[in-house]
Structures are given as C-alpha cells and as structure tokens.
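One file, target.txt, is given below (compact mmCIF, N, CA and C atoms).
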# COMPACT_ATOMS: atom_id res chain seq x y z
N MET G 13 23.99 -1.71 24.64
CA MET G 13 23.05 -2.32 23.73
C MET G 13 22.53 -1.32 22.70
N SER G 14 22.61 -0.04 23.01
CA SER G 14 22.11 0.92 22.04
C SER G 14 23.14 1.16 20.94
N ARG G 15 22.64 1.59 19.80
CA ARG G 15 23.49 1.86 18.66
C ARG G 15 23.40 3.34 18.31
N LYS G 16 24.21 3.76 17.36
CA LYS G 16 24.20 5.15 16.93
C LYS G 16 22.79 5.51 16.47
N GLY G 17 22.29 6.64 16.93
CA GLY G 17 20.95 7.07 16.56
C GLY G 17 19.89 6.65 17.57
N GLU G 18 20.29 5.82 18.53
CA GLU G 18 19.36 5.40 19.58
C GLU G 18 19.73 6.13 20.86
N ASN G 19 18.77 6.85 21.40
CA ASN G 19 19.06 7.61 22.60
C ASN G 19 17.85 7.70 23.51
N ILE G 20 18.08 8.13 24.74
CA ILE G 20 17.02 8.31 25.72
C ILE G 20 17.12 9.74 26.22
N PHE G 21 15.98 10.43 26.27
CA PHE G 21 16.02 11.80 26.77
C PHE G 21 14.71 12.17 27.43
N LEU G 22 14.77 13.24 28.22
CA LEU G 22 13.60 13.75 28.92
C LEU G 22 12.89 14.76 28.03
N ARG G 23 11.61 14.54 27.80
CA ARG G 23 10.83 15.43 26.95
C ARG G 23 10.35 16.65 27.72
N LYS G 24 9.89 17.66 27.01
CA LYS G 24 9.38 18.88 27.65
C LYS G 24 8.14 18.61 28.50
N ASP G 25 7.37 17.58 28.13
CA ASP G 25 6.15 17.28 28.88
C ASP G 25 6.42 16.44 30.13
N GLY G 26 7.69 16.14 30.41
CA GLY G 26 8.06 15.41 31.62
C GLY G 26 8.21 13.91 31.45
N ARG G 27 7.81 13.38 30.28
CA ARG G 27 7.97 11.95 30.03
C ARG G 27 9.36 11.68 29.46
N TRP G 28 9.81 10.44 29.65
CA TRP G 28 11.07 10.01 29.05
C TRP G 28 10.76 9.33 27.73
N GLU G 29 11.64 9.52 26.76
CA GLU G 29 11.47 8.93 25.44
C GLU G 29 12.76 8.23 25.02
N ALA G 30 12.59 7.04 24.46
CA ALA G 30 13.74 6.31 23.92
C ALA G 30 13.47 6.04 22.45
N ARG G 31 14.49 6.18 21.65
CA ARG G 31 14.37 5.91 20.22
C ARG G 31 15.25 4.72 19.89
N TYR G 32 14.73 3.81 19.07
CA TYR G 32 15.52 2.65 18.64
C TYR G 32 15.31 2.43 17.15
N ILE G 33 16.25 1.76 16.53
CA ILE G 33 16.19 1.52 15.10
C ILE G 33 15.35 0.28 14.84
N LYS G 34 14.23 0.45 14.11
CA LYS G 34 13.37 -0.68 13.76
C LYS G 34 13.92 -1.42 12.56
N GLU G 35 14.29 -0.66 11.53
CA GLU G 35 14.78 -1.27 10.30
C GLU G 35 15.58 -0.26 9.51
N ARG G 36 16.35 -0.78 8.58
CA ARG G 36 17.10 0.08 7.67
C ARG G 36 16.44 -0.03 6.30
N LYS G 37 16.10 1.12 5.73
CA LYS G 37 15.43 1.14 4.43
C LYS G 37 16.44 0.91 3.32
N MET G 38 15.91 0.65 2.11
CA MET G 38 16.76 0.38 0.95
C MET G 38 17.66 1.57 0.61
N ASP G 39 17.19 2.79 0.89
CA ASP G 39 17.98 3.96 0.55
C ASP G 39 19.00 4.31 1.63
N GLY G 40 19.13 3.45 2.65
CA GLY G 40 20.12 3.64 3.70
C GLY G 40 19.61 4.38 4.92
N ARG G 41 18.43 4.98 4.82
CA ARG G 41 17.88 5.68 5.97
C ARG G 41 17.30 4.66 6.96
N TYR G 42 17.11 5.11 8.20
CA TYR G 42 16.57 4.24 9.23
C TYR G 42 15.12 4.57 9.52
N ARG G 43 14.38 3.56 9.94
CA ARG G 43 13.03 3.74 10.45
C ARG G 43 13.11 3.51 11.95
N TYR G 44 12.65 4.48 12.72
CA TYR G 44 12.78 4.42 14.17
C TYR G 44 11.48 4.03 14.86
N GLY G 45 11.64 3.43 16.04
CA GLY G 45 10.53 3.16 16.92
C GLY G 45 10.75 3.97 18.18
N TYR G 46 9.68 4.25 18.91
CA TYR G 46 9.79 5.07 20.11
C TYR G 46 9.13 4.39 21.30
N VAL G 47 9.72 4.59 22.47
CA VAL G 47 9.17 4.06 23.72
C VAL G 47 9.08 5.22 24.69
N TYR G 48 7.99 5.27 25.46
CA TYR G 48 7.79 6.34 26.43
C TYR G 48 7.61 5.75 27.82
N GLY G 49 7.99 6.51 28.83
CA GLY G 49 7.83 6.06 30.20
C GLY G 49 7.95 7.19 31.19
N LYS G 50 7.79 6.83 32.48
CA LYS G 50 7.82 7.83 33.54
C LYS G 50 9.22 8.16 34.01
N ASN G 51 10.14 7.18 33.89
CA ASN G 51 11.50 7.45 34.33
C ASN G 51 12.50 6.79 33.38
N TYR G 52 13.77 7.15 33.57
CA TYR G 52 14.84 6.71 32.68
C TYR G 52 14.96 5.19 32.64
N LEU G 53 14.98 4.54 33.81
CA LEU G 53 15.16 3.09 33.85
C LEU G 53 14.01 2.34 33.19
N GLU G 54 12.80 2.81 33.39
CA GLU G 54 11.64 2.17 32.78
C GLU G 54 11.77 2.19 31.25
N VAL G 55 12.11 3.34 30.72
CA VAL G 55 12.25 3.50 29.27
C VAL G 55 13.42 2.68 28.75
N LYS G 56 14.52 2.69 29.47
CA LYS G 56 15.70 1.93 29.05
C LYS G 56 15.39 0.44 29.01
N ASN G 57 14.71 -0.07 30.02
CA ASN G 57 14.36 -1.49 30.07
C ASN G 57 13.39 -1.88 28.96
N LYS G 58 12.39 -1.02 28.72
CA LYS G 58 11.45 -1.29 27.63
C LYS G 58 12.17 -1.35 26.29
N ARG G 59 13.04 -0.37 26.07
CA ARG G 59 13.77 -0.31 24.80
C ARG G 59 14.67 -1.53 24.64
N ASN G 60 15.38 -1.91 25.69
CA ASN G 60 16.27 -3.06 25.62
C ASN G 60 15.51 -4.36 25.36
N GLU G 61 14.31 -4.47 25.94
CA GLU G 61 13.47 -5.65 25.71
C GLU G 61 13.05 -5.71 24.24
N ILE G 62 12.67 -4.58 23.69
CA ILE G 62 12.28 -4.52 22.28
C ILE G 62 13.46 -4.89 21.39
N LEU G 63 14.64 -4.33 21.69
CA LEU G 63 15.83 -4.62 20.88
C LEU G 63 16.18 -6.10 20.95
N LEU G 64 16.03 -6.71 22.13
CA LEU G 64 16.30 -8.13 22.28
C LEU G 64 15.33 -8.95 21.42
N ASN G 65 14.05 -8.57 21.45
CA ASN G 65 13.05 -9.26 20.62
C ASN G 65 13.35 -9.10 19.14
N LEU G 66 13.77 -7.90 18.73
CA LEU G 66 14.12 -7.67 17.33
C LEU G 66 15.30 -8.54 16.92
N GLU G 67 16.28 -8.69 17.79
CA GLU G 67 17.44 -9.54 17.50
C GLU G 67 17.02 -11.00 17.36
N GLN G 68 16.10 -11.45 18.22
CA GLN G 68 15.63 -12.83 18.14
C GLN G 68 14.89 -13.08 16.83
N VAL G 69 14.07 -12.12 16.42
CA VAL G 69 13.35 -12.25 15.15
C VAL G 69 14.35 -12.27 14.00
N LYS G 70 15.35 -11.42 14.07
CA LYS G 70 16.36 -11.35 13.02
C LYS G 70 17.10 -12.69 12.90
N LYS G 71 17.49 -13.27 14.04
CA LYS G 71 18.20 -14.55 14.03
C LYS G 71 17.30 -15.67 13.49
N LYS G 72 16.01 -15.60 13.83
CA LYS G 72 15.07 -16.62 13.38
C LYS G 72 14.93 -16.61 11.86
N HIS G 73 15.05 -15.42 11.27
CA HIS G 73 14.83 -15.28 9.83
C HIS G 73 16.13 -15.05 9.05
N GLU G 74 17.28 -15.41 9.64
CA GLU G 74 18.54 -15.20 8.94
C GLU G 74 18.64 -16.02 7.66
N SER G 75 17.98 -17.17 7.63
CA SER G 75 18.03 -18.01 6.43
C SER G 75 17.26 -17.37 5.28
N CYS G 76 16.33 -16.47 5.60
CA CYS G 76 15.57 -15.78 4.56
C CYS G 76 16.41 -14.62 4.04
N LYS G 77 16.69 -14.65 2.76
CA LYS G 77 17.49 -13.59 2.18
C LYS G 77 16.59 -12.62 1.42
N TYR G 78 16.99 -11.38 1.40
CA TYR G 78 16.28 -10.36 0.65
C TYR G 78 16.50 -10.61 -0.83
N ILE G 79 15.42 -10.52 -1.59
CA ILE G 79 15.52 -10.68 -3.04
C ILE G 79 15.15 -9.35 -3.69
N GLU G 80 16.02 -8.88 -4.50
CA GLU G 80 15.81 -7.62 -5.22
C GLU G 80 14.55 -7.72 -6.09
N PRO G 81 13.68 -6.70 -6.07
CA PRO G 81 12.47 -6.75 -6.88
C PRO G 81 12.73 -7.02 -8.37
N ARG G 82 13.84 -6.50 -8.88
CA ARG G 82 14.16 -6.76 -10.29
C ARG G 82 14.38 -8.24 -10.55
N THR G 83 14.90 -8.96 -9.54
CA THR G 83 15.11 -10.39 -9.69
C THR G 83 13.78 -11.11 -9.87
N TYR G 84 12.80 -10.75 -9.03
CA TYR G 84 11.47 -11.32 -9.18
C TYR G 84 10.91 -11.02 -10.57
N TYR G 85 11.05 -9.78 -10.99
CA TYR G 85 10.52 -9.37 -12.28
C TYR G 85 11.19 -10.13 -13.41
N ASN G 86 12.50 -10.27 -13.36
CA ASN G 86 13.22 -11.00 -14.41
C ASN G 86 12.82 -12.47 -14.45
N ARG G 87 12.65 -13.08 -13.28
CA ARG G 87 12.20 -14.47 -13.23
C ARG G 87 10.79 -14.60 -13.81
N TYR G 88 9.95 -13.65 -13.47
CA TYR G 88 8.58 -13.64 -13.99
C TYR G 88 8.60 -13.54 -15.51
N LYS G 89 9.39 -12.63 -16.05
CA LYS G 89 9.48 -12.47 -17.51
C LYS G 89 9.93 -13.77 -18.18
N THR G 90 10.89 -14.45 -17.57
CA THR G 90 11.38 -15.72 -18.13
C THR G 90 10.26 -16.75 -18.17
N ILE G 91 9.51 -16.86 -17.09
CA ILE G 91 8.40 -17.83 -17.02
C ILE G 91 7.33 -17.49 -18.05
N VAL G 92 6.99 -16.20 -18.19
CA VAL G 92 5.98 -15.77 -19.14
C VAL G 92 6.42 -16.10 -20.57
N GLU G 93 7.68 -15.87 -20.88
CA GLU G 93 8.18 -16.16 -22.22
C GLU G 93 8.13 -17.66 -22.51
N ARG G 94 8.53 -18.47 -21.53
CA ARG G 94 8.50 -19.92 -21.72
C ARG G 94 7.08 -20.43 -21.89
N ALA G 95 6.15 -19.86 -21.14
CA ALA G 95 4.75 -20.31 -21.20
C ALA G 95 4.01 -19.74 -22.42
N GLU G 96 4.62 -18.77 -23.07
CA GLU G 96 4.04 -18.13 -24.26
C GLU G 96 2.62 -17.63 -23.99
N ILE G 97 2.46 -16.89 -22.90
CA ILE G 97 1.13 -16.38 -22.54
C ILE G 97 0.97 -14.90 -22.82
N GLY G 98 1.93 -14.26 -23.39
CA GLY G 98 1.80 -12.84 -23.71
C GLY G 98 2.52 -11.97 -22.71
N ASN G 99 2.58 -10.70 -23.01
CA ASN G 99 3.31 -9.75 -22.19
C ASN G 99 2.37 -9.06 -21.21
N TYR G 100 2.09 -9.72 -20.10
CA TYR G 100 1.23 -9.16 -19.06
C TYR G 100 2.08 -8.75 -17.87
N GLY G 101 1.65 -7.68 -17.21
CA GLY G 101 2.37 -7.20 -16.03
C GLY G 101 2.28 -8.19 -14.87
N PHE G 102 3.23 -8.07 -13.97
CA PHE G 102 3.31 -8.97 -12.83
C PHE G 102 2.05 -8.90 -11.97
N HIS G 103 1.50 -7.69 -11.81
CA HIS G 103 0.33 -7.51 -10.95
C HIS G 103 -0.92 -8.15 -11.54
N ALA G 104 -0.90 -8.42 -12.83
CA ALA G 104 -2.05 -9.07 -13.48
C ALA G 104 -2.31 -10.46 -12.88
N LEU G 105 -1.27 -11.07 -12.32
CA LEU G 105 -1.44 -12.39 -11.69
C LEU G 105 -2.42 -12.32 -10.53
N ARG G 106 -2.37 -11.24 -9.76
CA ARG G 106 -3.29 -11.09 -8.62
C ARG G 106 -4.73 -10.99 -9.11
N HIS G 107 -4.93 -10.21 -10.17
CA HIS G 107 -6.28 -10.05 -10.71
C HIS G 107 -6.80 -11.39 -11.27
N THR G 108 -5.94 -12.10 -11.99
CA THR G 108 -6.33 -13.39 -12.55
C THR G 108 -6.64 -14.38 -11.43
N PHE G 109 -5.79 -14.41 -10.42
CA PHE G 109 -6.00 -15.29 -9.28
C PHE G 109 -7.35 -15.00 -8.62
N ALA G 110 -7.64 -13.72 -8.38
CA ALA G 110 -8.89 -13.34 -7.73
C ALA G 110 -10.09 -13.76 -8.57
N THR G 111 -10.02 -13.50 -9.86
CA THR G 111 -11.13 -13.87 -10.74
C THR G 111 -11.34 -15.37 -10.76
N ARG G 112 -10.28 -16.14 -10.87
CA ARG G 112 -10.40 -17.61 -10.91
C ARG G 112 -10.95 -18.15 -9.59
N CYS G 113 -10.56 -17.56 -8.48
CA CYS G 113 -11.07 -18.01 -7.19
C CYS G 113 -12.58 -17.81 -7.09
N ILE G 114 -13.06 -16.67 -7.54
CA ILE G 114 -14.50 -16.42 -7.53
C ILE G 114 -15.21 -17.38 -8.48
N GLU G 115 -14.60 -17.64 -9.64
CA GLU G 115 -15.20 -18.55 -10.61
C GLU G 115 -15.39 -19.96 -10.07
N ILE G 116 -14.45 -20.42 -9.23
CA ILE G 116 -14.59 -21.78 -8.69
C ILE G 116 -15.45 -21.82 -7.44
N GLY G 117 -15.94 -20.65 -6.99
CA GLY G 117 -16.88 -20.63 -5.88
C GLY G 117 -16.32 -20.21 -4.54
N MET G 118 -15.10 -19.67 -4.49
CA MET G 118 -14.55 -19.21 -3.21
C MET G 118 -15.36 -18.00 -2.75
N ASP G 119 -15.65 -17.95 -1.46
CA ASP G 119 -16.42 -16.81 -0.98
C ASP G 119 -15.54 -15.56 -0.95
N PRO G 120 -16.12 -14.40 -1.24
CA PRO G 120 -15.34 -13.16 -1.36
C PRO G 120 -14.58 -12.76 -0.10
N LYS G 121 -15.13 -13.04 1.07
CA LYS G 121 -14.46 -12.66 2.32
C LYS G 121 -13.14 -13.43 2.47
N THR G 122 -13.15 -14.72 2.19
CA THR G 122 -11.93 -15.53 2.27
C THR G 122 -10.90 -15.02 1.28
N LEU G 123 -11.34 -14.76 0.06
CA LEU G 123 -10.43 -14.25 -0.97
C LEU G 123 -9.84 -12.91 -0.55
N SER G 124 -10.67 -12.05 0.00
CA SER G 124 -10.22 -10.74 0.45
C SER G 124 -9.11 -10.86 1.49
N GLU G 125 -9.27 -11.80 2.41
CA GLU G 125 -8.24 -12.01 3.44
C GLU G 125 -6.96 -12.58 2.85
N ILE G 126 -7.08 -13.50 1.89
CA ILE G 126 -5.90 -14.07 1.24
C ILE G 126 -5.10 -12.99 0.52
N LEU G 127 -5.82 -12.07 -0.13
CA LEU G 127 -5.14 -10.99 -0.87
C LEU G 127 -4.66 -9.87 0.05
N GLY G 128 -5.08 -9.91 1.31
CA GLY G 128 -4.63 -8.90 2.27
C GLY G 128 -5.40 -7.60 2.20
N HIS G 129 -6.62 -7.64 1.70
CA HIS G 129 -7.43 -6.43 1.62
C HIS G 129 -8.20 -6.23 2.92
N SER G 130 -8.38 -4.98 3.30
CA SER G 130 -9.10 -4.68 4.54
C SER G 130 -10.61 -4.75 4.35
N ASP G 131 -11.05 -4.67 3.10
CA ASP G 131 -12.48 -4.65 2.82
C ASP G 131 -12.79 -5.51 1.60
N VAL G 132 -13.88 -6.22 1.65
CA VAL G 132 -14.30 -7.08 0.54
C VAL G 132 -14.60 -6.24 -0.70
N LYS G 133 -15.05 -5.00 -0.51
CA LYS G 133 -15.37 -4.12 -1.64
C LYS G 133 -14.16 -3.93 -2.55
N VAL G 134 -12.98 -3.80 -1.95
CA VAL G 134 -11.76 -3.62 -2.74
C VAL G 134 -11.54 -4.83 -3.62
N THR G 135 -11.68 -6.00 -3.04
CA THR G 135 -11.48 -7.24 -3.79
C THR G 135 -12.46 -7.35 -4.94
N LEU G 136 -13.72 -7.13 -4.66
CA LEU G 136 -14.75 -7.32 -5.69
C LEU G 136 -14.74 -6.22 -6.75
N SER G 137 -14.46 -4.99 -6.36
CA SER G 137 -14.52 -3.91 -7.34
C SER G 137 -13.24 -3.76 -8.16
N LEU G 138 -12.09 -4.05 -7.58
CA LEU G 138 -10.83 -3.83 -8.29
C LEU G 138 -10.15 -5.10 -8.81
N TYR G 139 -10.41 -6.24 -8.18
CA TYR G 139 -9.65 -7.43 -8.52
C TYR G 139 -10.42 -8.49 -9.29
N VAL G 140 -11.72 -8.56 -9.09
CA VAL G 140 -12.51 -9.61 -9.74
C VAL G 140 -13.11 -9.06 -11.03
N HIS G 141 -12.80 -9.73 -12.14
CA HIS G 141 -13.29 -9.30 -13.45
C HIS G 141 -14.07 -10.46 -14.07
N PRO G 142 -15.40 -10.42 -13.97
CA PRO G 142 -16.19 -11.55 -14.51
C PRO G 142 -16.07 -11.63 -16.03
N SER G 143 -15.88 -12.83 -16.52
CA SER G 143 -15.77 -13.05 -17.97
C SER G 143 -17.16 -13.21 -18.57
N ASN G 144 -17.24 -13.11 -19.90
CA ASN G 144 -18.53 -13.33 -20.58
C ASN G 144 -19.04 -14.74 -20.34
N LYS G 145 -18.11 -15.69 -20.30
CA LYS G 145 -18.48 -17.09 -20.06
C LYS G 145 -19.14 -17.24 -18.68
N MET G 146 -18.56 -16.56 -17.72
CA MET G 146 -19.09 -16.60 -16.35
C MET G 146 -20.48 -15.95 -16.31
N LYS G 147 -20.64 -14.83 -17.00
CA LYS G 147 -21.94 -14.15 -17.04
C LYS G 147 -22.99 -15.04 -17.71
N ASP G 148 -22.60 -15.67 -18.82
CA ASP G 148 -23.52 -16.57 -19.52
C ASP G 148 -23.96 -17.72 -18.63
N ARG G 149 -23.02 -18.28 -17.89
CA ARG G 149 -23.33 -19.41 -17.01
C ARG G 149 -24.36 -19.00 -15.96
N TYR G 150 -24.20 -17.80 -15.38
CA TYR G 150 -25.15 -17.34 -14.37
C TYR G 150 -26.51 -17.00 -15.01
N MET G 151 -26.50 -16.49 -16.21
CA MET G 151 -27.76 -16.20 -16.90
C MET G 151 -28.50 -17.49 -17.23
N GLU G 152 -27.77 -18.54 -17.57
CA GLU G 152 -28.38 -19.85 -17.86
C GLU G 152 -29.13 -20.38 -16.64
N ARG G 153 -28.62 -20.08 -15.46
CA ARG G 153 -29.29 -20.54 -14.23
C ARG G 153 -30.68 -19.91 -14.10
N LEU G 154 -30.85 -18.72 -14.68
CA LEU G 154 -32.14 -18.04 -14.60
C LEU G 154 -33.12 -18.50 -15.68
N ASN G 155 -32.66 -19.27 -16.64
CA ASN G 155 -33.50 -19.74 -17.74
C ASN G 155 -34.57 -20.69 -17.19
N PRO G 156 -35.86 -20.39 -17.43
CA PRO G 156 -36.94 -21.20 -16.86
C PRO G 156 -36.98 -22.63 -17.39
N THR G 157 -36.40 -22.89 -18.56
CA THR G 157 -36.43 -24.25 -19.11
C THR G 157 -35.47 -25.17 -18.37
N THR G 158 -34.48 -24.61 -17.69
CA THR G 158 -33.53 -25.45 -16.96
C THR G 158 -33.94 -25.64 -15.52
N MET G 159 -34.99 -24.96 -15.09
CA MET G 159 -35.41 -25.06 -13.67
C MET G 159 -36.29 -26.23 -13.43
Starting from the file, give its structure as structure tokens.
Amino acid sequence: MSRKGENIFLRKDGRWEARYIKERKMDGRYRYGYVYGKNYLEVKNKRNEILLNLEQVKKKHESCKYIEPRTYYNRYKTIVERAEIGNYGFHALRHTFATRCIEIGMDPKTLSEILGHSDVKVTLSLYVHPSNKMKDRYMERLNPTTM
C-alpha cells in the first residue's frame, strides 16, 4: 500500500515514524504527513488507515477537476469586459461583496465566517469600505428632525 517516498522507521527517541504522501504540489514536489507510534505495526496500521481515507476522499471528488488559476482569471476578464464595469482586479470582488453585505445589514461575524477570516477585525478593517452614501445615511439617522 505504500508508495515511493513513504516509509516507516525507528526514530532516535525510540518512537516509530511513518511518512505518507498527503498531496502533490503544482511544482511536482510532495507534501508529506507523519504518523507516530510505539511499535511498527501500530504505525503501519495508522498510516494504512489514513491512506485508505485519502483514497476514499479522492474517489469521492474525482468528478471535481482542477482548474488552472489563469483559466479563472481569463473567464473573469471576459465577464468584466462584457459587463463594461472597468478594469478591476479579481480580488476586488471580495471587497465589494463584503461592503455590500454590511450595507444590507449582515452582521460582521457572519460575514467574517463566510469570507473565511479568523477574526472580525480583519473583515472590518481590510474588506469593508463604507461609501459616502452609506455615511450620509447613518448621519441622517442622527438628525434630530427625523427622530
């Protein structure tokens, strides 16, 4: 079940270590995972269980194909040109999305989780850009004649 680059050996500290291939990077290098145990069989069984799980995940996602980042970028450029919205970078979509979500009243914690940020501060300080219209609307709420 093991492949080239996957091996089991006894470490200097007395523990057994097994190395397995987690993934292959775009540049052809491998990313390895490690398993430790008290004896050879324990480590071998743990590693084989992990490899079996990795194979099941791989089979489950075989229909999903890798898309080259340039393909995404080229598709994005085509859409931007058709929509005639100007030459904005791909990442600008995240900032626009975050700003619009806050404008419609989404709470910052939910938005932070959707964007995959570990902290709400990142979302609010880097991604949300309040517009003048939004500032004016909030200032109008403070106007005593409207209260």
Have a look at G:Met118, G:Gly49, G:Arg43, G:Arg149 and name the one nearest to Glu29 (chain G); count only C-alpha atoms.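 The shortest atom-to-atom distance to Glu29 (chain G) comes from G:Gly49.
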Nearest-residue call for Asn60 (chain G), choices G:Met38, G:Tyr32, G:Met146, G:Tyr44, using only C-alpha atoms: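 Nearest to Asn60 (chain G): G:Tyr32.
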Mind listing the alpha helix (DSSP H) residues of region 66-141 of chain G, per DSSP on the backbone, as a PyMOL selection string? chain G and resi 66-72+81-95+104-115+120-127+132-134
Counting only C-alpha atoms, the residue of G:Ala110, G:Leu64, G:Val92, G:Ile97 that sits nearest Val132 (chain G):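 Of G:Ala110, G:Leu64, G:Val92, G:Ile97, the one nearest Val132 (chain G) is G:Ala110, counting only C-alpha atoms.
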Give me every strand (DSSP E) residue in chain G, going by DSSP on the backbone, as JSON, numbers by chain. {"G": [20, 21, 22, 28, 29, 30, 31, 32, 33, 34, 35, 36, 42, 43, 44, 45, 46, 47, 48, 49]}
Taking only C-alpha atoms into account, which of G:Thr83, G:Asn51, G:Ser124, G:Ser130 comes nearest Arg106 (chain G)? G:Ser124
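Our summary of the geometry notes that CA of Lys50 (chain G) is positioned 12.6 Å from CA of Lys24 (chain G).
CA of Pro120 (chain G) lies 12.9 Å from CA of His141 (chain G).
For Lys121 (chain G), the residues within 8 Å (counting only N, CA and C atoms, excluding itself and residues fewer than 5 positions away along the chain) are Ile126, Leu127, Asp131 and Val132 of chain G.
Minimum atom-to-atom distances from G:Tyr42, G:Lys34, G:Met151, G:Trp28 to Val69 (chain G) were compared using only C-alpha atoms, and the lowest value belongs to G:Lys34.
Nearest-residue note for Asn57 (chain G): choosing from G:Lys37, G:Tyr88, G:Ile20, G:Gly26, the minimum distance belongs to G:Ile20, counting only C-alpha atoms.
Between atom N of Leu136 (chain G) and atom C of Tyr85 (chain G) the interatomic distance comes to 26.6 Å.
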